[in-house]
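This is run04.pdb. It holds PDB, C-alpha atoms.
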```pdb
ATOM      1  CA  MET N  87     -11.170  11.106  -3.242  1.00  0.00           C
ATOM      2  CA  SER N  88     -12.761   7.679  -3.218  1.00  0.00           C
ATOM      3  CA  GLU N  89     -10.855   4.787  -4.694  1.00  0.00           C
ATOM      4  CA  ILE N  90     -12.521   2.621  -7.281  1.00  0.00           C
ATOM      5  CA  PHE N  91     -12.511  -1.093  -6.557  1.00  0.00           C
ATOM      6  CA  LYS N  92     -11.737  -3.337  -9.517  1.00  0.00           C
ATOM      7  CA  ILE N  93     -11.892  -7.052  -8.759  1.00  0.00           C
ATOM      8  CA  ASN N  94      -9.616  -7.816 -11.718  1.00  0.00           C
ATOM      9  CA  ASP N  95      -6.787  -5.917  -9.995  1.00  0.00           C
ATOM     10  CA  TYR N  96      -6.526  -8.906  -7.627  1.00  0.00           C
ATOM     11  CA  ASP N  97      -6.155 -11.553 -10.342  1.00  0.00           C
ATOM     12  CA  ILE N  98      -2.978 -13.592 -10.457  1.00  0.00           C
ATOM     13  CA  VAL N  99      -2.739 -14.883 -14.011  1.00  0.00           C
ATOM     14  CA  PHE N 100      -0.613 -18.005 -13.642  1.00  0.00           C
ATOM     15  CA  SER N 101      -1.047 -19.302 -17.184  1.00  0.00           C
ATOM     16  CA  GLY N 102       2.234 -18.577 -18.918  1.00  0.00           C
ATOM     17  CA  LEU N 103       3.888 -17.605 -15.624  1.00  0.00           C
ATOM     18  CA  LYS N 104       7.264 -19.233 -15.037  1.00  0.00           C
ATOM     19  CA  GLU N 105       7.566 -21.750 -12.244  1.00  0.00           C
ATOM     20  CA  GLY N 106       8.928 -20.202  -9.088  1.00  0.00           C
ATOM     21  CA  GLU N 107       8.192 -17.328  -6.737  1.00  0.00           C
ATOM     22  CA  HIS N 108       6.261 -14.203  -7.774  1.00  0.00           C
ATOM     23  CA  GLU N 109       5.510 -11.248  -5.514  1.00  0.00           C
ATOM     24  CA  TYR N 110       2.470  -8.955  -5.637  1.00  0.00           C
ATOM     25  CA  SER N 111       1.663  -5.896  -3.492  1.00  0.00           C
ATOM     26  CA  TYR N 112      -1.635  -4.181  -2.757  1.00  0.00           C
ATOM     27  CA  LYS N 113      -2.832  -1.281  -0.647  1.00  0.00           C
ATOM     28  CA  ILE N 114      -6.153  -1.940   1.065  1.00  0.00           C
ATOM     29  CA  ARG N 115      -8.506   0.912   2.003  1.00  0.00           C
ATOM     30  CA  ASP N 116     -12.138   1.187   3.152  1.00  0.00           C
ATOM     31  CA  THR N 117     -13.438   0.826  -0.421  1.00  0.00           C
ATOM     32  CA  PHE N 118     -12.061  -2.705  -0.638  1.00  0.00           C
ATOM     33  CA  LEU N 119     -14.037  -3.929   2.396  1.00  0.00           C
ATOM     34  CA  LYS N 120     -17.181  -2.011   1.434  1.00  0.00           C
ATOM     35  CA  ASN N 121     -17.178  -3.907  -1.861  1.00  0.00           C
ATOM     36  CA  PHE N 122     -17.750  -7.061   0.202  1.00  0.00           C
ATOM     37  CA  GLY N 123     -20.559  -5.351   2.158  1.00  0.00           C
ATOM     38  CA  PHE N 124     -18.373  -4.975   5.249  1.00  0.00           C
ATOM     39  CA  ASN N 125     -18.661  -1.528   6.868  1.00  0.00           C
ATOM     40  CA  GLU N 126     -17.470  -2.286  10.402  1.00  0.00           C
ATOM     41  CA  LEU N 127     -13.984  -0.816   9.960  1.00  0.00           C
ATOM     42  CA  SER N 128     -12.945   2.687   9.013  1.00  0.00           C
ATOM     43  CA  GLN N 129      -9.713   4.399   8.029  1.00  0.00           C
ATOM     44  CA  VAL N 130      -8.375   1.085   6.744  1.00  0.00           C
ATOM     45  CA  ASN N 131      -4.743   1.316   5.709  1.00  0.00           C
ATOM     46  CA  ILE N 132      -3.202  -2.114   5.185  1.00  0.00           C
ATOM     47  CA  LYS N 133      -0.282  -3.027   2.960  1.00  0.00           C
ATOM     48  CA  ILE N 134      -0.618  -6.510   1.518  1.00  0.00           C
ATOM     49  CA  LYS N 135       2.310  -8.545   0.298  1.00  0.00           C
ATOM     50  CA  SER N 136       1.526 -11.797  -1.439  1.00  0.00           C
ATOM     51  CA  ILE N 137       3.976 -14.402  -2.585  1.00  0.00           C
ATOM     52  CA  PHE N 138       2.670 -16.763  -5.225  1.00  0.00           C
ATOM     53  CA  ILE N 139       4.746 -19.876  -5.870  1.00  0.00           C
ATOM     54  CA  LYS N 140       3.980 -21.737  -9.066  1.00  0.00           C
ATOM     55  CA  LYS N 141       4.968 -25.387  -9.166  1.00  0.00           C
ATOM     56  CA  ASN N 142       4.399 -28.106 -11.721  1.00  0.00           C
ATOM     57  CA  THR N 143       1.192 -29.565 -10.247  1.00  0.00           C
ATOM     58  CA  LEU N 144       0.083 -27.014  -7.657  1.00  0.00           C
ATOM     59  CA  MET N 145       0.613 -23.469  -6.399  1.00  0.00           C
ATOM     60  CA  GLU N 146       1.236 -21.943  -2.998  1.00  0.00           C
ATOM     61  CA  LEU N 147      -0.019 -18.564  -1.829  1.00  0.00           C
ATOM     62  CA  TYR N 148       1.328 -16.607   1.130  1.00  0.00           C
ATOM     63  CA  ILE N 149      -0.484 -13.383   2.023  1.00  0.00           C
ATOM     64  CA  SER N 150       0.624 -11.007   4.767  1.00  0.00           C
ATOM     65  CA  GLY N 151      -0.918  -7.716   5.791  1.00  0.00           C
ATOM     66  CA  LYS N 152       0.433  -4.946   8.002  1.00  0.00           C
ATOM     67  CA  GLY N 153      -1.287  -1.703   8.831  1.00  0.00           C
ATOM     68  CA  SER N 154      -4.152  -0.330  10.859  1.00  0.00           C
ATOM     69  CA  TYR N 155      -7.853   0.425  11.008  1.00  0.00           C
ATOM     70  CA  ILE N 156     -10.233   2.078  13.442  1.00  0.00           C
ATOM     71  CA  LEU N 157     -12.348  -0.025  15.815  1.00  0.00           C
ATOM     72  CA  THR N 158     -15.138   0.893  18.221  1.00  0.00           C
ATOM     73  CA  CYS N 159     -14.543  -0.172  21.828  1.00  0.00           C
ATOM     74  CA  ASP N 160     -17.110  -2.683  23.122  1.00  0.00           C
ATOM     75  CA  ILE N 161     -17.026  -1.098  26.583  1.00  0.00           C
ATOM     76  CA  SER N 162     -16.698   2.657  26.107  1.00  0.00           C
ATOM     77  CA  ASN N 163     -17.977   2.986  22.522  1.00  0.00           C
ATOM     78  CA  GLU N 164     -14.890   5.151  21.819  1.00  0.00           C
ATOM     79  CA  LEU N 165     -12.998   4.816  18.548  1.00  0.00           C
ATOM     80  CA  PHE N 166      -9.375   3.677  18.630  1.00  0.00           C
ATOM     81  CA  PRO N 167      -6.691   2.685  16.120  1.00  0.00           C
ATOM     82  CA  TYR N 168      -5.848  -1.010  15.956  1.00  0.00           C
ATOM     83  CA  GLN N 169      -2.572  -2.286  14.508  1.00  0.00           C
ATOM     84  CA  VAL N 170      -2.880  -5.389  12.372  1.00  0.00           C
ATOM     85  CA  ASP N 171      -0.170  -7.851  11.422  1.00  0.00           C
ATOM     86  CA  SER N 172      -1.806 -10.876   9.873  1.00  0.00           C
ATOM     87  CA  GLU N 173      -1.083 -13.665   7.433  1.00  0.00           C
ATOM     88  CA  LEU N 174      -2.878 -16.349   5.502  1.00  0.00           C
ATOM     89  CA  ASN N 175      -1.240 -19.250   3.680  1.00  0.00           C
ATOM     90  CA  PHE N 176      -2.709 -22.034   1.575  1.00  0.00           C
ATOM     91  CA  ILE N 177      -2.152 -24.330  -1.379  1.00  0.00           C
ATOM     92  CA  ILE N 178      -4.014 -24.083  -4.685  1.00  0.00           C
ATOM     93  CA  LYS N 179      -4.732 -27.437  -6.321  1.00  0.00           C
ATOM     94  CA  PHE N 180      -6.472 -28.369  -9.532  1.00  0.00           C
ATOM     95  CA  GLY N 181      -9.681 -30.416  -9.519  1.00  0.00           C
ATOM     96  CA  ASP N 182     -13.049 -30.857 -11.201  1.00  0.00           C
ATOM     97  CA  GLU N 183     -14.699 -27.769  -9.666  1.00  0.00           C
ATOM     98  CA  TYR N 184     -13.969 -24.812  -7.419  1.00  0.00           C
ATOM     99  CA  ASN N 185     -13.943 -25.625  -3.697  1.00  0.00           C
ATOM    100  CA  ASP N 186     -12.647 -23.458  -0.843  1.00  0.00           C
ATOM    101  CA  ASP N 187     -14.231 -25.377   2.064  1.00  0.00           C
ATOM    102  CA  ASN N 188     -10.828 -26.346   3.455  1.00  0.00           C
ATOM    103  CA  ASP N 189      -8.748 -23.610   5.104  1.00  0.00           C
ATOM    104  CA  GLN N 190      -5.449 -25.225   4.051  1.00  0.00           C
ATOM    105  CA  TYR N 191      -6.063 -25.526   0.330  1.00  0.00           C
ATOM    106  CA  VAL N 192      -8.335 -24.309  -2.459  1.00  0.00           C
ATOM    107  CA  ILE N 193      -9.324 -26.419  -5.443  1.00  0.00           C
ATOM    108  CA  ILE N 194      -9.768 -24.651  -8.771  1.00  0.00           C
ATOM    109  CA  PRO N 195     -11.010 -26.162 -12.072  1.00  0.00           C
ATOM    110  CA  HIS N 196      -8.404 -27.750 -14.360  1.00  0.00           C
ATOM    111  CA  ASN N 197      -9.072 -25.202 -17.109  1.00  0.00           C
ATOM    112  CA  SER N 198      -8.360 -22.179 -14.849  1.00  0.00           C
ATOM    113  CA  TYR N 199      -5.689 -19.732 -15.934  1.00  0.00           C
ATOM    114  CA  LYS N 200      -5.950 -17.201 -13.081  1.00  0.00           C
ATOM    115  CA  PHE N 201      -6.702 -16.995  -9.382  1.00  0.00           C
ATOM    116  CA  ASN N 202      -8.325 -13.976  -7.739  1.00  0.00           C
ATOM    117  CA  ILE N 203      -6.993 -13.296  -4.230  1.00  0.00           C
ATOM    118  CA  ALA N 204      -9.462 -10.534  -3.246  1.00  0.00           C
ATOM    119  CA  LYS N 205     -11.656 -12.885  -1.186  1.00  0.00           C
ATOM    120  CA  SER N 206      -8.586 -14.311   0.564  1.00  0.00           C
ATOM    121  CA  ILE N 207      -7.357 -10.812   1.467  1.00  0.00           C
ATOM    122  CA  TYR N 208     -10.840  -9.904   2.724  1.00  0.00           C
ATOM    123  CA  GLU N 209     -11.018 -13.037   4.905  1.00  0.00           C
ATOM    124  CA  MET N 210      -7.548 -12.394   6.338  1.00  0.00           C
ATOM    125  CA  ILE N 211      -8.498  -8.837   7.337  1.00  0.00           C
ATOM    126  CA  VAL N 212     -11.842  -9.828   8.852  1.00  0.00           C
ATOM    127  CA  LEU N 213     -10.182 -12.652  10.803  1.00  0.00           C
ATOM    128  CA  SER N 214      -7.665 -10.142  12.197  1.00  0.00           C
ATOM    129  CA  ILE N 215     -10.404  -8.235  14.044  1.00  0.00           C
ATOM    130  CA  PRO N 216     -10.225  -9.104  17.751  1.00  0.00           C
ATOM    131  CA  GLN N 217     -13.292 -10.747  19.318  1.00  0.00           C
ATOM    132  CA  LYS N 218     -13.179  -8.321  22.223  1.00  0.00           C
ATOM    133  CA  ARG N 219     -12.540  -4.786  21.050  1.00  0.00           C
ATOM    134  CA  ILE N 220     -11.232  -2.964  24.082  1.00  0.00           C
ATOM    135  CA  HIS N 221      -9.712   0.513  23.898  1.00  0.00           C
ATOM    136  CA  PRO N 222      -6.143   0.463  25.276  1.00  0.00           C
ATOM    137  CA  GLY N 223      -7.142   3.339  27.588  1.00  0.00           C
ATOM    138  CA  VAL N 224      -9.767   1.123  29.217  1.00  0.00           C
ATOM    139  CA  LEU N 225      -7.129  -1.519  29.934  1.00  0.00           C
ATOM    140  CA  ASP N 226      -4.565   0.861  31.430  1.00  0.00           C
ATOM    141  CA  GLY N 227      -7.109   3.200  33.058  1.00  0.00           C
ATOM    142  CA  SER N 228      -6.056   6.274  31.091  1.00  0.00           C
ATOM    143  CA  LEU N 229      -9.267   6.728  29.052  1.00  0.00           C
ATOM    144  CA  ASN N 230     -11.420   9.582  30.336  1.00  0.00           C
ATOM    145  CA  SER N 231     -14.910   8.783  29.075  1.00  0.00           C
ATOM    146  CA  LYS N 232     -18.436   9.650  30.243  1.00  0.00           C
ATOM    147  CA  THR N 233     -19.513   6.109  29.459  1.00  0.00           C
ATOM    148  CA  LEU N 234     -16.780   4.630  31.675  1.00  0.00           C
ATOM    149  CA  LYS N 235     -17.719   6.934  34.557  1.00  0.00           C
ATOM    150  CA  ILE N 236     -21.360   5.849  34.329  1.00  0.00           C
ATOM    151  CA  LEU N 237     -20.371   2.178  34.112  1.00  0.00           C
ATOM    152  CA  ASP N 238     -18.092   2.604  37.118  1.00  0.00           C
ATOM    153  CA  LYS N 239     -20.934   4.083  39.183  1.00  0.00           C
ATOM    154  CA  LEU N 240     -23.274   1.257  38.191  1.00  0.00           C
ATOM    155  CA  SER N 241     -20.724  -1.494  38.774  1.00  0.00           C
ATOM    156  CA  PRO N 242     -21.650  -3.802  41.672  1.00  0.00           C
ATOM    157  CA  GLY N 243     -18.035  -3.820  42.873  1.00  0.00           C
ATOM    158  CA  THR N 244     -18.015  -0.117  43.773  1.00  0.00           C
ATOM    159  CA  LYS N 245     -20.602  -0.213  46.549  1.00  0.00           C
ATOM    160  CA  LYS N 246     -19.535  -1.569  49.908  1.00  0.00           C
ATOM    161  CA  THR N 247     -22.316  -3.861  51.029  1.00  0.00           C
ATOM    162  CA  GLU N 248     -22.467  -5.500  54.380  1.00  0.00           C
ATOM    163  CA  SER N 249     -23.100  -9.191  54.353  1.00  0.00           C
ATOM    164  CA  ASP N 250     -25.951 -10.739  56.219  1.00  0.00           C
ATOM    165  CA  PRO N 251     -24.540 -12.061  59.543  1.00  0.00           C
ATOM    166  CA  ARG N 252     -26.499 -15.308  59.064  1.00  0.00           C
ATOM    167  CA  TRP N 253     -24.175 -16.180  56.178  1.00  0.00           C
ATOM    168  CA  ASN N 254     -20.929 -15.551  58.121  1.00  0.00           C
ATOM    169  CA  LYS N 255     -21.027 -19.035  59.688  1.00  0.00           C
ATOM    170  CA  LEU N 256     -20.851 -20.601  56.207  1.00  0.00           C
ATOM    171  CA  LYS N 257     -17.467 -18.935  55.616  1.00  0.00           C
ATOM    172  CA  ASP N 258     -15.986 -21.246  58.259  1.00  0.00           C
ATOM    173  CA  TYR N 259     -16.602 -24.207  55.982  1.00  0.00           C
ATOM    174  CA  LEU N 260     -14.544 -22.826  53.062  1.00  0.00           C
TER     175      LEU N 260
END
```
Rendering of file as C-alpha coordinates:
Amino acid sequence: MSEIFKINDYDIVFSGLKEGEHEYSYKIRDTFLKNFGFNELSQVNIKIKSIFIKKNTLMELYISGKGSYILTCDISNELFPYQVDSELNFIIKFGDEYNDDNDQYVIIPHNSYKFNIAKSIYEMIVLSIPQKRIHPGVLDGSLNSKTLKILDKLSPGTKKTESDPRWNKLKDYL
(Lines of atoms letter the chains of each structure in order from A and count residues from 1; the text may use other names and numbers.)
(Lines give C-alpha, C1' and ligand atoms only; values in the text may rest on other atoms or scores of the structure.)
Protein backbone atom coordinates (compact mmCIF):
# COMPACT_ATOMS: atom_id res chain seq x y z
CA MET A 1 0.00 0.00 0.00
CA SER A 2 1.40 3.36 -1.02
CA GLU A 3 1.38 6.17 1.49
CA ILE A 4 -0.13 9.48 0.53
CA PHE A 5 2.10 12.50 1.04
CA LYS A 6 0.41 15.55 2.52
CA ILE A 7 2.66 18.59 2.86
CA ASN A 8 0.41 20.02 5.58
CA ASP A 9 1.30 17.07 7.84
CA TYR A 10 4.72 18.72 8.27
CA ASP A 11 3.40 22.12 9.39
CA ILE A 12 4.31 23.36 12.84
CA VAL A 13 1.66 25.91 13.73
CA PHE A 14 3.41 28.13 16.26
CA SER A 15 0.73 30.81 16.48
CA GLY A 16 -0.99 30.23 19.80
CA LEU A 17 1.66 27.69 20.85
CA LYS A 18 3.04 28.24 24.34
CA GLU A 19 6.65 29.29 24.69
CA GLY A 20 8.91 26.36 25.38
CA GLU A 21 9.79 22.98 23.91
CA HIS A 22 7.44 21.00 21.65
CA GLU A 23 8.19 17.59 20.16
CA TYR A 24 6.97 16.19 16.84
CA SER A 25 7.58 12.75 15.30
CA TYR A 26 7.36 11.57 11.70
CA LYS A 27 7.99 8.36 9.80
CA ILE A 28 9.66 8.90 6.44
CA ARG A 29 9.19 6.44 3.57
CA ASP A 30 9.94 6.44 -0.18
CA THR A 31 6.80 8.47 -0.95
CA PHE A 32 8.16 11.44 0.99
CA LEU A 33 11.33 11.68 -1.13
CA LYS A 34 9.50 10.98 -4.39
CA ASN A 35 7.32 14.01 -3.68
CA PHE A 36 10.49 16.10 -4.00
CA GLY A 37 11.41 14.33 -7.26
CA PHE A 38 14.15 12.30 -5.57
CA ASN A 39 14.14 8.63 -6.60
CA GLU A 40 17.72 7.63 -5.76
CA LEU A 41 16.86 5.81 -2.52
CA SER A 42 14.57 2.87 -1.94
CA GLN A 43 13.11 1.11 1.08
CA VAL A 44 13.41 4.33 3.07
CA ASN A 45 12.55 3.83 6.72
CA ILE A 46 13.60 6.80 8.84
CA LYS A 47 12.11 7.94 12.13
CA ILE A 48 12.26 11.70 12.53
CA LYS A 49 12.16 13.44 15.87
CA SER A 50 11.93 17.20 15.84
CA ILE A 51 12.11 19.51 18.79
CA PHE A 52 10.66 22.95 18.22
CA ILE A 53 11.49 25.58 20.83
CA LYS A 54 9.35 28.69 20.77
CA LYS A 55 10.85 31.79 22.33
CA ASN A 56 9.66 35.37 22.53
CA THR A 57 11.46 36.70 19.43
CA LEU A 58 12.67 33.59 17.62
CA MET A 59 12.34 29.81 17.42
CA GLU A 60 14.80 26.94 17.36
CA LEU A 61 14.36 23.70 15.45
CA TYR A 62 16.28 20.49 16.09
CA ILE A 63 15.63 17.60 13.69
CA SER A 64 17.16 14.15 14.05
CA GLY A 65 16.62 11.10 11.89
CA LYS A 66 17.52 7.46 12.50
CA GLY A 67 16.81 4.57 10.20
CA SER A 68 17.93 3.08 6.92
CA TYR A 69 17.57 3.08 3.16
CA ILE A 70 18.96 1.08 0.26
CA LEU A 71 21.90 2.40 -1.78
CA THR A 72 23.56 1.15 -4.96
CA CYS A 73 27.30 0.52 -4.66
CA ASP A 74 29.41 2.74 -6.94
CA ILE A 75 31.87 -0.10 -7.54
CA SER A 76 29.87 -3.32 -7.75
CA ASN A 77 26.43 -1.91 -8.61
CA GLU A 78 25.02 -4.16 -5.84
CA LEU A 79 22.29 -2.90 -3.52
CA PHE A 80 23.02 -2.63 0.19
CA PRO A 81 21.30 -1.25 3.30
CA TYR A 82 22.75 1.95 4.73
CA GLN A 83 22.14 3.03 8.32
CA VAL A 84 21.50 6.73 8.78
CA ASP A 85 21.81 8.78 11.94
CA SER A 86 21.61 12.43 11.01
CA GLU A 87 20.62 15.77 12.47
CA LEU A 88 19.92 19.30 11.38
CA ASN A 89 19.58 22.31 13.67
CA PHE A 90 18.78 25.94 12.94
CA ILE A 91 17.11 29.08 14.22
CA ILE A 92 13.93 30.57 12.77
CA LYS A 93 13.83 34.37 12.80
CA PHE A 94 11.24 36.85 11.65
CA GLY A 95 11.97 39.30 8.83
CA ASP A 96 10.47 41.04 5.81
CA GLU A 97 10.47 37.99 3.51
CA TYR A 98 11.29 34.29 3.48
CA ASN A 99 15.00 33.50 3.16
CA ASP A 100 16.73 30.15 3.73
CA ASP A 101 20.10 30.99 2.12
CA ASN A 102 21.93 30.62 5.43
CA ASP A 103 22.36 27.10 6.83
CA GLN A 104 22.25 28.32 10.45
CA TYR A 105 18.98 30.22 10.36
CA VAL A 106 15.83 30.72 8.29
CA ILE A 107 13.98 34.01 8.03
CA ILE A 108 10.20 33.87 7.73
CA PRO A 109 7.79 36.81 7.17
CA HIS A 110 6.52 38.64 10.26
CA ASN A 111 2.92 37.62 9.55
CA SER A 112 3.72 33.86 9.48
CA TYR A 113 1.83 31.60 11.85
CA LYS A 114 3.33 28.23 10.83
CA PHE A 115 6.55 26.69 9.60
CA ASN A 116 6.68 23.65 7.33
CA ILE A 117 9.63 21.35 8.08
CA ALA A 118 9.24 18.97 5.10
CA LYS A 119 11.99 20.66 3.07
CA SER A 120 14.32 20.62 6.08
CA ILE A 121 13.72 16.89 6.62
CA TYR A 122 14.31 16.25 2.91
CA GLU A 123 17.60 18.19 2.96
CA MET A 124 18.79 16.35 6.07
CA ILE A 125 18.14 12.96 4.45
CA VAL A 126 19.77 13.88 1.14
CA LEU A 127 22.81 15.28 2.97
CA SER A 128 23.13 11.98 4.87
CA ILE A 129 23.86 10.07 1.65
CA PRO A 130 27.59 9.30 1.50
CA GLN A 131 29.56 10.73 -1.44
CA LYS A 132 31.17 7.36 -2.08
CA ARG A 133 28.64 4.56 -1.87
CA ILE A 134 30.67 1.44 -1.26
CA HIS A 135 29.11 -1.88 -0.29
CA PRO A 136 30.55 -3.10 3.04
CA GLY A 137 31.37 -6.41 1.31
CA VAL A 138 33.66 -4.58 -1.11
CA LEU A 139 35.55 -3.03 1.80
CA ASP A 140 36.02 -6.27 3.75
CA GLY A 141 36.38 -8.52 0.68
CA SER A 142 33.35 -10.67 1.47
CA LEU A 143 31.16 -9.61 -1.49
CA ASN A 144 31.01 -12.26 -4.21
CA SER A 145 30.05 -10.35 -7.35
CA LYS A 146 30.57 -10.90 -11.08
CA THR A 147 31.31 -7.21 -11.48
CA LEU A 148 34.07 -7.33 -8.84
CA LYS A 149 35.66 -10.38 -10.49
CA ILE A 150 35.74 -8.60 -13.86
CA LEU A 151 37.14 -5.43 -12.28
CA ASP A 152 39.79 -7.48 -10.49
CA LYS A 153 40.90 -9.08 -13.77
CA LEU A 154 41.08 -5.70 -15.49
CA SER A 155 42.90 -3.98 -12.63
CA PRO A 156 46.45 -2.92 -13.53
CA GLY A 157 47.72 -4.11 -10.14
CA THR A 158 46.97 -7.78 -10.82
CA LYS A 159 49.40 -8.31 -13.68
CA LYS A 160 53.06 -8.68 -12.85
CA THR A 161 54.91 -6.55 -15.35
CA GLU A 162 58.63 -6.42 -15.65
CA SER A 163 60.14 -2.99 -15.69
CA ASP A 164 62.35 -1.81 -18.47
CA PRO A 165 65.98 -2.26 -17.29
CA ARG A 166 66.83 1.22 -18.64
CA TRP A 167 64.70 2.71 -15.86
CA ASN A 168 66.34 0.72 -13.02
CA LYS A 169 69.23 3.21 -12.76
CA LEU A 170 66.75 5.99 -11.91
CA LYS A 171 65.67 4.08 -8.78
CA ASP A 172 69.11 4.77 -7.30
CA TYR A 173 68.27 8.46 -7.15
CA LEU A 174 65.15 8.02 -4.98
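The protein and nucleic acid residues lying at most 7 Å from stretch 172-187 of chain N are Leu144, Met145, Glu146, Leu147, Tyr148, Ile149, Ser150, Gly151, Lys152, Tyr191, Val192, Ile193, Ile194, Pro195, His196, Met210 and Ser214 of chain N, with all atoms listed in the file considered and sequence neighbours fewer than 4 positions away removed.
Restricting the calculation to only C-alpha atoms, the smallest distance between N:Glu109 and any of N:Trp253, N:Phe138, N:Tyr168, N:Phe201 is found for N:Phe138.
Using all atoms listed in the file, the shortest contact distance between N:Thr158 and any of N:Ile114, N:Leu256, N:Val99, N:Ile215 is found at N:Ile215.
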Atom CA of N:Leu157 to atom CA of N:Arg219 measures 7.1 Å
Can you tell me, as a count of residues only, what residues are no more than 12 Å from N:Gly223 when counting all atoms listed in the file, ignoring any on the same chain fewer than 5 positions away?
13
Taking 6 positions as the minimum chain separation for residues in the same chain, which residues sit within 9 Å of N:Lys200 when counting all atoms listed in the file? Answer as a list in words.
Asp97, Ile98, Val99, Phe100 and Ser101 of chain N
Starting from the displayed file, determine the output of the PyMOL selection byres ((chain N and resi 116) around 7) and express the residue list as a PyMOL selection string.
chain N and resi 115+117-120+128-130
Save the residues we just selected, C-alpha atoms, as a short mmCIF file (atom, residue, chain, number, x, y, z; two decimals), keeping the file's coordinate frame?
```cif
data_model
loop_
_atom_site.label_atom_id
_atom_site.label_comp_id
_atom_site.auth_asym_id
_atom_site.auth_seq_id
_atom_site.Cartn_x
_atom_site.Cartn_y
_atom_site.Cartn_z
CA ARG N 115 -8.51 0.91 2.00
CA THR N 117 -13.44 0.83 -0.42
CA PHE N 118 -12.06 -2.70 -0.64
CA LEU N 119 -14.04 -3.93 2.40
CA LYS N 120 -17.18 -2.01 1.43
CA SER N 128 -12.94 2.69 9.01
CA GLN N 129 -9.71 4.40 8.03
CA VAL N 130 -8.38 1.08 6.74
#
```
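Between atom CA of N:Ala204 and atom CA of N:Asn94 lies a distance of 8.9 Å.
Computed from the coordinates, the atom CA of N:Asp171 to atom CA of N:Leu103 distance equals 29.0 Å.
Each of N:Asp258, N:Asp226, N:Glu107, N:Asp189 was checked against N:Ile137 using all atoms listed in the file; the smallest atom-to-atom distance is that of N:Glu107.
Minimum atom-to-atom distance to N:Ile211, evaluated using only C-alpha atoms, belongs to N:Phe124 out of N:Phe124, N:Asp160, N:Thr143, N:Pro251.
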